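Structure file final.pdb (PDB, C-alpha atoms, pLDDT in the B column) follows.
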```pdb
ATOM      1  CA  MET A   1       3.147  33.204  48.711  1.00 44.00           C
ATOM      2  CA  THR A   2       3.171  31.187  45.497  1.00 46.00           C
ATOM      3  CA  ASP A   3       2.091  33.033  42.394  1.00 48.00           C
ATOM      4  CA  PRO A   4      -1.070  31.280  41.059  1.00 46.00           C
ATOM      5  CA  ASP A   5       0.147  31.868  37.512  1.00 46.00           C
ATOM      6  CA  ALA A   6       3.551  30.288  38.130  1.00 45.00           C
ATOM      7  CA  HIS A   7       2.404  26.906  36.781  1.00 45.00           C
ATOM      8  CA  ALA A   8      -0.034  28.065  34.130  1.00 46.00           C
ATOM      9  CA  PRO A   9      -0.688  25.426  31.443  1.00 49.00           C
ATOM     10  CA  LEU A  10       1.147  25.770  28.171  1.00 41.00           C
ATOM     11  CA  PRO A  11      -0.760  26.257  24.906  1.00 47.00           C
ATOM     12  CA  ALA A  12      -1.875  22.979  23.353  1.00 51.00           C
ATOM     13  CA  ASP A  13      -0.158  23.725  20.030  1.00 67.00           C
ATOM     14  CA  LEU A  14       3.340  23.944  21.506  1.00 74.00           C
ATOM     15  CA  LEU A  15       5.883  21.267  20.607  1.00 75.00           C
ATOM     16  CA  ALA A  16       9.115  20.452  22.402  1.00 80.00           C
ATOM     17  CA  CYS A  17      11.915  19.261  20.147  1.00 85.00           C
ATOM     18  CA  HIS A  18      13.155  15.856  21.314  1.00 79.00           C
ATOM     19  CA  GLU A  19      16.725  16.782  20.299  1.00 84.00           C
ATOM     20  CA  CYS A  20      17.282  20.341  21.587  1.00 89.00           C
ATOM     21  CA  ASP A  21      14.159  20.890  23.796  1.00 82.00           C
ATOM     22  CA  LEU A  22      13.170  24.072  21.966  1.00 84.00           C
ATOM     23  CA  LEU A  23       9.514  24.980  22.464  1.00 84.00           C
ATOM     24  CA  GLN A  24       7.856  26.037  19.234  1.00 82.00           C
ATOM     25  CA  THR A  25       4.385  26.358  17.782  1.00 81.00           C
ATOM     26  CA  GLU A  26       3.173  23.389  15.759  1.00 74.00           C
ATOM     27  CA  PRO A  27       2.451  24.559  12.208  1.00 76.00           C
ATOM     28  CA  ALA A  28      -0.640  23.600  10.228  1.00 76.00           C
ATOM     29  CA  LEU A  29       0.523  20.816   7.922  1.00 75.00           C
ATOM     30  CA  ALA A  30      -1.032  19.952   4.590  1.00 76.00           C
ATOM     31  CA  PRO A  31      -1.339  16.229   3.730  1.00 76.00           C
ATOM     32  CA  GLY A  32       2.128  14.843   3.025  1.00 74.00           C
ATOM     33  CA  GLU A  33       3.998  17.725   4.681  1.00 77.00           C
ATOM     34  CA  THR A  34       6.438  17.385   7.605  1.00 80.00           C
ATOM     35  CA  ALA A  35       7.565  19.772  10.326  1.00 83.00           C
ATOM     36  CA  ARG A  36      11.151  20.184  11.522  1.00 86.00           C
ATOM     37  CA  CYS A  37      12.759  22.043  14.384  1.00 87.00           C
ATOM     38  CA  VAL A  38      13.714  25.603  13.474  1.00 85.00           C
ATOM     39  CA  ARG A  39      16.922  25.331  15.504  1.00 85.00           C
ATOM     40  CA  CYS A  40      18.368  21.845  14.920  1.00 90.00           C
ATOM     41  CA  ASN A  41      16.235  20.636  11.961  1.00 87.00           C
ATOM     42  CA  ALA A  42      15.142  17.487  13.833  1.00 85.00           C
ATOM     43  CA  PHE A  43      11.947  15.806  12.663  1.00 81.00           C
ATOM     44  CA  LEU A  44       8.913  16.884  14.725  1.00 79.00           C
ATOM     45  CA  ALA A  45       5.716  15.773  13.000  1.00 76.00           C
ATOM     46  CA  ARG A  46       4.181  14.688   9.719  1.00 76.00           C
ATOM     47  CA  ASN A  47       0.688  14.759   8.277  1.00 76.00           C
ATOM     48  CA  PRO A  48       0.278  11.499   6.343  1.00 76.00           C
ATOM     49  CA  PRO A  49      -2.476  11.692   3.705  1.00 77.00           C
ATOM     50  CA  ASP A  50      -5.565   9.575   4.520  1.00 80.00           C
ATOM     51  CA  SER A  51      -3.887   8.444   7.718  1.00 79.00           C
ATOM     52  CA  LEU A  52      -6.722   6.426   9.260  1.00 84.00           C
ATOM     53  CA  ASP A  53      -7.871   4.701   6.068  1.00 87.00           C
ATOM     54  CA  ARG A  54      -4.346   3.769   5.007  1.00 89.00           C
ATOM     55  CA  THR A  55      -3.398   2.538   8.466  1.00 89.00           C
ATOM     56  CA  LEU A  56      -6.573   0.461   8.768  1.00 91.00           C
ATOM     57  CA  ALA A  57      -6.042  -1.071   5.333  1.00 93.00           C
ATOM     58  CA  LEU A  58      -2.438  -1.953   6.171  1.00 93.00           C
ATOM     59  CA  THR A  59      -3.417  -3.353   9.577  1.00 92.00           C
ATOM     60  CA  PHE A  60      -6.103  -5.613   8.079  1.00 93.00           C
ATOM     61  CA  THR A  61      -3.532  -6.732   5.492  1.00 95.00           C
ATOM     62  CA  ALA A  62      -1.105  -7.516   8.319  1.00 93.00           C
ATOM     63  CA  ALA A  63      -3.812  -9.571  10.068  1.00 93.00           C
ATOM     64  CA  VAL A  64      -4.348 -11.659   6.919  1.00 94.00           C
ATOM     65  CA  LEU A  65      -0.591 -12.141   6.538  1.00 93.00           C
ATOM     66  CA  TYR A  66      -0.366 -13.210  10.187  1.00 92.00           C
ATOM     67  CA  LEU A  67      -2.982 -15.922   9.588  1.00 93.00           C
ATOM     68  CA  ILE A  68      -1.140 -17.141   6.482  1.00 93.00           C
ATOM     69  CA  ALA A  69       2.140 -17.187   8.394  1.00 89.00           C
ATOM     70  CA  ASN A  70       0.638 -19.457  11.050  1.00 89.00           C
ATOM     71  CA  LEU A  71      -1.422 -21.772   8.850  1.00 89.00           C
ATOM     72  CA  HIS A  72       1.139 -22.622   6.155  1.00 89.00           C
ATOM     73  CA  PRO A  73       4.575 -24.288   6.256  1.00 88.00           C
ATOM     74  CA  LEU A  74       7.356 -21.971   7.322  1.00 85.00           C
ATOM     75  CA  VAL A  75      10.328 -23.849   5.923  1.00 83.00           C
ATOM     76  CA  GLY A  76      11.142 -27.238   4.455  1.00 82.00           C
ATOM     77  CA  LEU A  77      14.219 -29.414   4.002  1.00 79.00           C
ATOM     78  CA  GLU A  78      14.711 -31.905   1.164  1.00 82.00           C
ATOM     79  CA  MET A  79      17.437 -34.543   1.383  1.00 77.00           C
ATOM     80  CA  GLN A  80      17.828 -37.856  -0.462  1.00 77.00           C
ATOM     81  CA  GLY A  81      14.325 -37.678  -1.869  1.00 73.00           C
ATOM     82  CA  ARG A  82      12.693 -36.959   1.489  1.00 81.00           C
ATOM     83  CA  ARG A  83      11.003 -33.641   2.163  1.00 78.00           C
ATOM     84  CA  VAL A  84      10.077 -32.352   5.613  1.00 79.00           C
ATOM     85  CA  GLU A  85       8.093 -29.160   6.202  1.00 82.00           C
ATOM     86  CA  VAL A  86       7.280 -27.437   9.474  1.00 82.00           C
ATOM     87  CA  SER A  87       4.995 -24.599  10.472  1.00 85.00           C
ATOM     88  CA  LEU A  88       5.688 -22.099  13.226  1.00 84.00           C
ATOM     89  CA  LEU A  89       3.315 -23.796  15.661  1.00 86.00           C
ATOM     90  CA  GLU A  90       4.883 -27.171  14.883  1.00 86.00           C
ATOM     91  CA  ALA A  91       8.334 -25.691  15.481  1.00 83.00           C
ATOM     92  CA  VAL A  92       7.250 -24.462  18.914  1.00 87.00           C
ATOM     93  CA  HIS A  93       5.764 -27.881  19.693  1.00 87.00           C
ATOM     94  CA  ILE A  94       8.955 -29.692  18.604  1.00 85.00           C
ATOM     95  CA  LEU A  95      11.125 -27.412  20.736  1.00 83.00           C
ATOM     96  CA  TRP A  96       8.888 -28.014  23.741  1.00 89.00           C
ATOM     97  CA  ARG A  97       8.831 -31.781  23.201  1.00 88.00           C
ATOM     98  CA  ASN A  98      12.630 -31.921  22.910  1.00 87.00           C
ATOM     99  CA  GLY A  99      13.141 -30.399  26.350  1.00 82.00           C
ATOM    100  CA  VAL A 100      13.961 -26.788  25.487  1.00 85.00           C
ATOM    101  CA  GLU A 101      10.832 -25.309  27.035  1.00 88.00           C
ATOM    102  CA  PRO A 102      12.336 -21.822  27.652  1.00 89.00           C
ATOM    103  CA  VAL A 103      13.249 -21.451  23.952  1.00 85.00           C
ATOM    104  CA  ALA A 104       9.830 -22.758  22.865  1.00 86.00           C
ATOM    105  CA  ALA A 105       8.085 -20.288  25.178  1.00 89.00           C
ATOM    106  CA  LEU A 106      10.276 -17.423  23.945  1.00 85.00           C
ATOM    107  CA  VAL A 107       9.536 -18.196  20.285  1.00 84.00           C
ATOM    108  CA  PHE A 108       5.808 -18.487  20.988  1.00 87.00           C
ATOM    109  CA  VAL A 109       5.624 -15.223  22.937  1.00 86.00           C
ATOM    110  CA  THR A 110       7.791 -13.050  20.658  1.00 83.00           C
ATOM    111  CA  ALA A 111       6.803 -14.480  17.254  1.00 83.00           C
ATOM    112  CA  GLN A 112       3.134 -15.332  17.848  1.00 84.00           C
ATOM    113  CA  LEU A 113       1.555 -13.913  20.997  1.00 86.00           C
ATOM    114  CA  PHE A 114       2.847 -10.325  21.010  1.00 85.00           C
ATOM    115  CA  PRO A 115       2.322  -9.719  17.256  1.00 86.00           C
ATOM    116  CA  VAL A 116      -1.355 -10.732  17.499  1.00 87.00           C
ATOM    117  CA  LEU A 117      -1.757  -8.603  20.639  1.00 84.00           C
ATOM    118  CA  GLU A 118      -0.221  -5.650  18.804  1.00 83.00           C
ATOM    119  CA  LEU A 119      -2.533  -6.094  15.814  1.00 87.00           C
ATOM    120  CA  SER A 120      -5.603  -6.444  18.033  1.00 86.00           C
ATOM    121  CA  MET A 121      -4.783  -3.367  20.084  1.00 82.00           C
ATOM    122  CA  ILE A 122      -4.049  -1.269  16.997  1.00 83.00           C
ATOM    123  CA  LEU A 123      -7.487  -2.157  15.607  1.00 86.00           C
ATOM    124  CA  ILE A 124      -9.100  -1.318  18.957  1.00 83.00           C
ATOM    125  CA  VAL A 125      -7.520   2.152  18.704  1.00 81.00           C
ATOM    126  CA  LEU A 126      -8.181   2.763  14.997  1.00 84.00           C
ATOM    127  CA  LEU A 127     -11.759   1.539  14.582  1.00 84.00           C
ATOM    128  CA  PRO A 128     -13.305   3.992  17.102  1.00 82.00           C
ATOM    129  CA  LEU A 129     -11.314   6.820  15.517  1.00 80.00           C
ATOM    130  CA  ARG A 130     -12.563   5.852  12.059  1.00 82.00           C
ATOM    131  CA  LEU A 131     -16.162   5.649  13.293  1.00 81.00           C
ATOM    132  CA  GLY A 132     -15.881   9.020  15.030  1.00 75.00           C
ATOM    133  CA  ARG A 133     -16.298   7.544  18.513  1.00 73.00           C
ATOM    134  CA  VAL A 134     -13.342   9.240  20.127  1.00 67.00           C
ATOM    135  CA  SER A 135     -12.547   8.728  23.797  1.00 66.00           C
ATOM    136  CA  PRO A 136      -9.747  10.223  25.938  1.00 65.00           C
ATOM    137  CA  ARG A 137      -8.945   6.650  26.984  1.00 71.00           C
ATOM    138  CA  LEU A 138      -7.723   5.849  23.460  1.00 71.00           C
ATOM    139  CA  ALA A 139      -4.538   7.842  24.064  1.00 69.00           C
ATOM    140  CA  THR A 140      -3.785   5.775  27.178  1.00 74.00           C
ATOM    141  CA  PHE A 141      -4.529   2.570  25.305  1.00 74.00           C
ATOM    142  CA  TYR A 142      -2.203   3.619  22.479  1.00 75.00           C
ATOM    143  CA  ARG A 143       0.603   3.980  25.019  1.00 78.00           C
ATOM    144  CA  LEU A 144      -0.038   0.329  25.899  1.00 78.00           C
ATOM    145  CA  VAL A 145       0.248  -0.564  22.206  1.00 77.00           C
ATOM    146  CA  ARG A 146       3.616   1.196  22.036  1.00 77.00           C
ATOM    147  CA  SER A 147       4.817  -0.684  25.126  1.00 79.00           C
ATOM    148  CA  VAL A 148       3.935  -4.037  23.518  1.00 74.00           C
ATOM    149  CA  GLN A 149       5.560  -3.305  20.135  1.00 74.00           C
ATOM    150  CA  PRO A 150       9.207  -3.915  21.205  1.00 75.00           C
ATOM    151  CA  TRP A 151       8.302  -7.457  22.317  1.00 73.00           C
ATOM    152  CA  GLY A 152       7.007  -8.471  18.896  1.00 72.00           C
ATOM    153  CA  MET A 153      10.355  -9.667  17.587  1.00 75.00           C
ATOM    154  CA  VAL A 154       9.231 -11.325  14.364  1.00 79.00           C
ATOM    155  CA  GLU A 155      12.117  -9.814  12.407  1.00 78.00           C
ATOM    156  CA  VAL A 156      14.657 -11.136  14.949  1.00 78.00           C
ATOM    157  CA  PHE A 157      13.125 -14.598  14.721  1.00 75.00           C
ATOM    158  CA  LEU A 158      13.198 -14.481  10.915  1.00 80.00           C
ATOM    159  CA  LEU A 159      16.838 -13.343  10.844  1.00 78.00           C
ATOM    160  CA  GLY A 160      17.890 -16.064  13.282  1.00 77.00           C
ATOM    161  CA  MET A 161      16.101 -18.675  11.203  1.00 76.00           C
ATOM    162  CA  LEU A 162      17.836 -17.466   8.033  1.00 76.00           C
ATOM    163  CA  VAL A 163      21.242 -17.798   9.689  1.00 76.00           C
ATOM    164  CA  SER A 164      20.419 -21.384  10.705  1.00 75.00           C
ATOM    165  CA  LEU A 165      19.150 -22.243   7.221  1.00 75.00           C
ATOM    166  CA  VAL A 166      22.334 -20.934   5.594  1.00 75.00           C
ATOM    167  CA  LYS A 167      24.346 -23.278   7.817  1.00 73.00           C
ATOM    168  CA  LEU A 168      22.117 -26.205   6.806  1.00 72.00           C
ATOM    169  CA  SER A 169      22.172 -25.446   3.089  1.00 70.00           C
ATOM    170  CA  HIS A 170      25.250 -27.646   2.470  1.00 73.00           C
ATOM    171  CA  LEU A 171      23.480 -30.652   4.027  1.00 74.00           C
ATOM    172  CA  ALA A 172      20.056 -30.397   2.412  1.00 74.00           C
ATOM    173  CA  THR A 173      18.003 -28.338  -0.003  1.00 79.00           C
ATOM    174  CA  VAL A 174      16.287 -25.538   1.895  1.00 79.00           C
ATOM    175  CA  ILE A 175      12.742 -24.658   0.761  1.00 81.00           C
ATOM    176  CA  LEU A 176      11.269 -21.405   2.014  1.00 84.00           C
ATOM    177  CA  GLY A 177       7.559 -21.949   2.577  1.00 85.00           C
ATOM    178  CA  THR A 178       4.562 -19.695   2.084  1.00 90.00           C
ATOM    179  CA  ALA A 179       4.620 -18.716   5.753  1.00 88.00           C
ATOM    180  CA  PHE A 180       8.190 -17.440   5.451  1.00 88.00           C
ATOM    181  CA  TRP A 181       7.272 -14.964   2.720  1.00 91.00           C
ATOM    182  CA  ALA A 182       4.081 -14.020   4.563  1.00 91.00           C
ATOM    183  CA  THR A 183       6.120 -13.282   7.682  1.00 89.00           C
ATOM    184  CA  ALA A 184       8.577 -11.155   5.711  1.00 89.00           C
ATOM    185  CA  ALA A 185       5.667  -9.247   4.159  1.00 93.00           C
ATOM    186  CA  LEU A 186       4.087  -8.871   7.616  1.00 90.00           C
ATOM    187  CA  ILE A 187       7.186  -7.048   8.891  1.00 88.00           C
ATOM    188  CA  VAL A 188       7.091  -4.627   5.953  1.00 91.00           C
ATOM    189  CA  VAL A 189       3.337  -3.988   6.232  1.00 92.00           C
ATOM    190  CA  LEU A 190       3.507  -3.324   9.989  1.00 88.00           C
ATOM    191  CA  THR A 191       6.321  -0.833   9.380  1.00 87.00           C
ATOM    192  CA  LEU A 192       4.265   0.945   6.720  1.00 89.00           C
ATOM    193  CA  ALA A 193       1.217   1.003   9.014  1.00 87.00           C
ATOM    194  CA  ALA A 194       3.215   2.612  11.818  1.00 82.00           C
ATOM    195  CA  ARG A 195       4.519   5.205   9.376  1.00 82.00           C
ATOM    196  CA  ALA A 196       1.055   5.940   7.949  1.00 83.00           C
ATOM    197  CA  PHE A 197      -0.615   6.548  11.324  1.00 82.00           C
ATOM    198  CA  ASP A 198      -0.737  10.178  12.491  1.00 75.00           C
ATOM    199  CA  THR A 199      -0.530   9.893  16.294  1.00 73.00           C
ATOM    200  CA  ARG A 200      -1.595  13.532  16.672  1.00 69.00           C
ATOM    201  CA  LEU A 201      -5.154  12.386  15.970  1.00 69.00           C
ATOM    202  CA  LEU A 202      -5.247  10.832  19.430  1.00 69.00           C
ATOM    203  CA  TRP A 203      -4.080  13.958  21.220  1.00 63.00           C
ATOM    204  CA  GLN A 204      -6.168  16.374  19.143  1.00 58.00           C
ATOM    205  CA  LEU A 205      -9.491  14.550  18.828  1.00 53.00           C
ATOM    206  CA  ALA A 206      -9.711  13.019  22.292  1.00 47.00           C
ATOM    207  CA  PRO A 207      -9.552  16.320  24.239  1.00 46.00           C
ATOM    208  CA  ALA A 208     -12.031  17.867  21.788  1.00 44.00           C
ATOM    209  CA  GLU A 209     -14.499  15.034  22.386  1.00 45.00           C
ATOM    210  CA  GLU A 210     -13.998  15.294  26.144  1.00 45.00           C
ATOM    211  CA  GLY A 211     -14.731  19.042  26.102  1.00 46.00           C
ATOM    212  CA  ALA A 212     -17.877  18.550  24.042  1.00 44.00           C
ATOM    213  CA  ARG A 213     -19.462  16.359  26.680  1.00 46.00           C
TER     214      ARG A 213
END
```
Final structure tokens representation of the file:
Amino acid sequence: MTDPDAHAPLPADLLACHECDLLQTEPALAPGETARCVRCNAFLARNPPDSLDRTLALTFTAAVLYLIANLHPLVGLEMQGRRVEVSLLEAVHILWRNGVEPVAALVFVTAQLFPVLELSMILIVLLPLRLGRVSPRLATFYRLVRSVQPWGMVEVFLLGMLVSLVKLSHLATVILGTAFWATAALIVVLTLAARAFDTRLLWQLAPAEEGAR
């Protein structure tokens, strides 16, 4: 007969190291402190100061940068007195019109659609947390956010564009537009937002709210 205690639930404050699988108790972290594995010294957790406020501020900043990146010229070329500028949406339209629909669709999805989906979903997760309206479903929704993040390849698009511009620099004067710098700043701000967010808030607050009902 199976022992009813054979599959007893583990304490909620236990952490499993992702490097050596050692189970250990999660310590209470002061703002700015980090926790590391006692056996292999791998990073386990951090307690960013003012996590929600900083992440929300950075996410709203990223949303503004995203709008700038799509409303202003991305890059321009000047040759023999003529200057041509193009925005990201215009670049997608030109690619589509010139018969390279798969490339146009790929640029639109990875550089425009998925970044705005990521920003929207992050705000949907953060705003209820900031307002104290915690739901167990937020943790599931955050997993969806994490699954979308790898498809937002703005940095890959920007790097590929830079390589192309370097090759064109001997034919014409390359002018980096406002949208280019906004896109570069967007990558940095999104990285800082991901670093500022303490994901433990989802796992700690959601069960507490569920038990209070």
Suppose a student applies the PyMOL selection byres ((chain A and resi 145-149) around 12) to this structure; what residues should they get, written as a ChimeraX atom specification? /A:109-111,113-126,138-144,150-154,187,190-191,194,199
Shell of 8 Å around Gly32 in chain A, all atoms listed in the file, local chain residues under 3 positions omitted, as a list in words: Leu29, Arg46, Asn47, Pro48 and Pro49 of chain A
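Proximity of A:Leu176, A:Ala182, A:Leu127, A:Leu22 to Glu85 in chain A, computed with all atoms listed in the file, is greatest for A:Leu176.
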Measuring between all atoms listed in the file, which one of A:Val166, A:Cys17, A:Leu89, A:Val174 shows the shortest distance to Leu67 in chain A?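 Checking each of A:Val166, A:Cys17, A:Leu89, A:Val174 against Leu67 in chain A, counting all atoms listed in the file, the winner is A:Leu89.
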All file atoms of range 148-167 of chain A boxed axis-aligned, 4 Å per side, centre plus edges, as JSON:
```
{"center_x": 14.1, "center_y": -13.3, "center_z": 14.6, "size_x": 28.4, "size_y": 28.0, "size_z": 25.9}
```
Point-to-point distance in Å for CA of Ser169 in chain A and CA of Val92 in chain A: 21.8 Å
Pairwise distance, CA of Gln24 in chain A with CA of Arg39 in chain A, equals 9.8 Å
What is the CA of Arg83 in chain A-CA of Val156 in chain A distance in Å, reported with one decimal? 26.1 Å
Taking all atoms listed in the file into account, which of A:Leu23, A:Val189, A:Ala35, A:Leu15 comes nearest Val64 in chain A? A:Val189
Quick one: residues within 12 Å of Arg54 in chain A, all atoms listed in the file, excluding same-chain residues fewer than 3 positions away - as a list of chain:residue names? A:Pro48, A:Pro49, A:Asp50, A:Ser51, A:Ala57, A:Leu58, A:Thr59, A:Phe60, A:Thr61, A:Leu126, A:Arg130, A:Val189, A:Leu190, A:Leu192, A:Ala193, A:Ala194, A:Arg195, A:Ala196, A:Phe197, A:Asp198
With the PyMOL selection byres ((chain A and resi 183) around 8) as the selection, what would be picked from this file? Answer as a list of chain:residue names, please.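 Given this file, the PyMOL selection byres ((chain A and resi 183) around 8) evaluates to A:Leu65, A:Tyr66, A:Ala69, A:Val154, A:Leu158, A:Ala179, A:Phe180, A:Trp181, A:Ala182, A:Ala184, A:Ala185, A:Leu186, A:Ile187.
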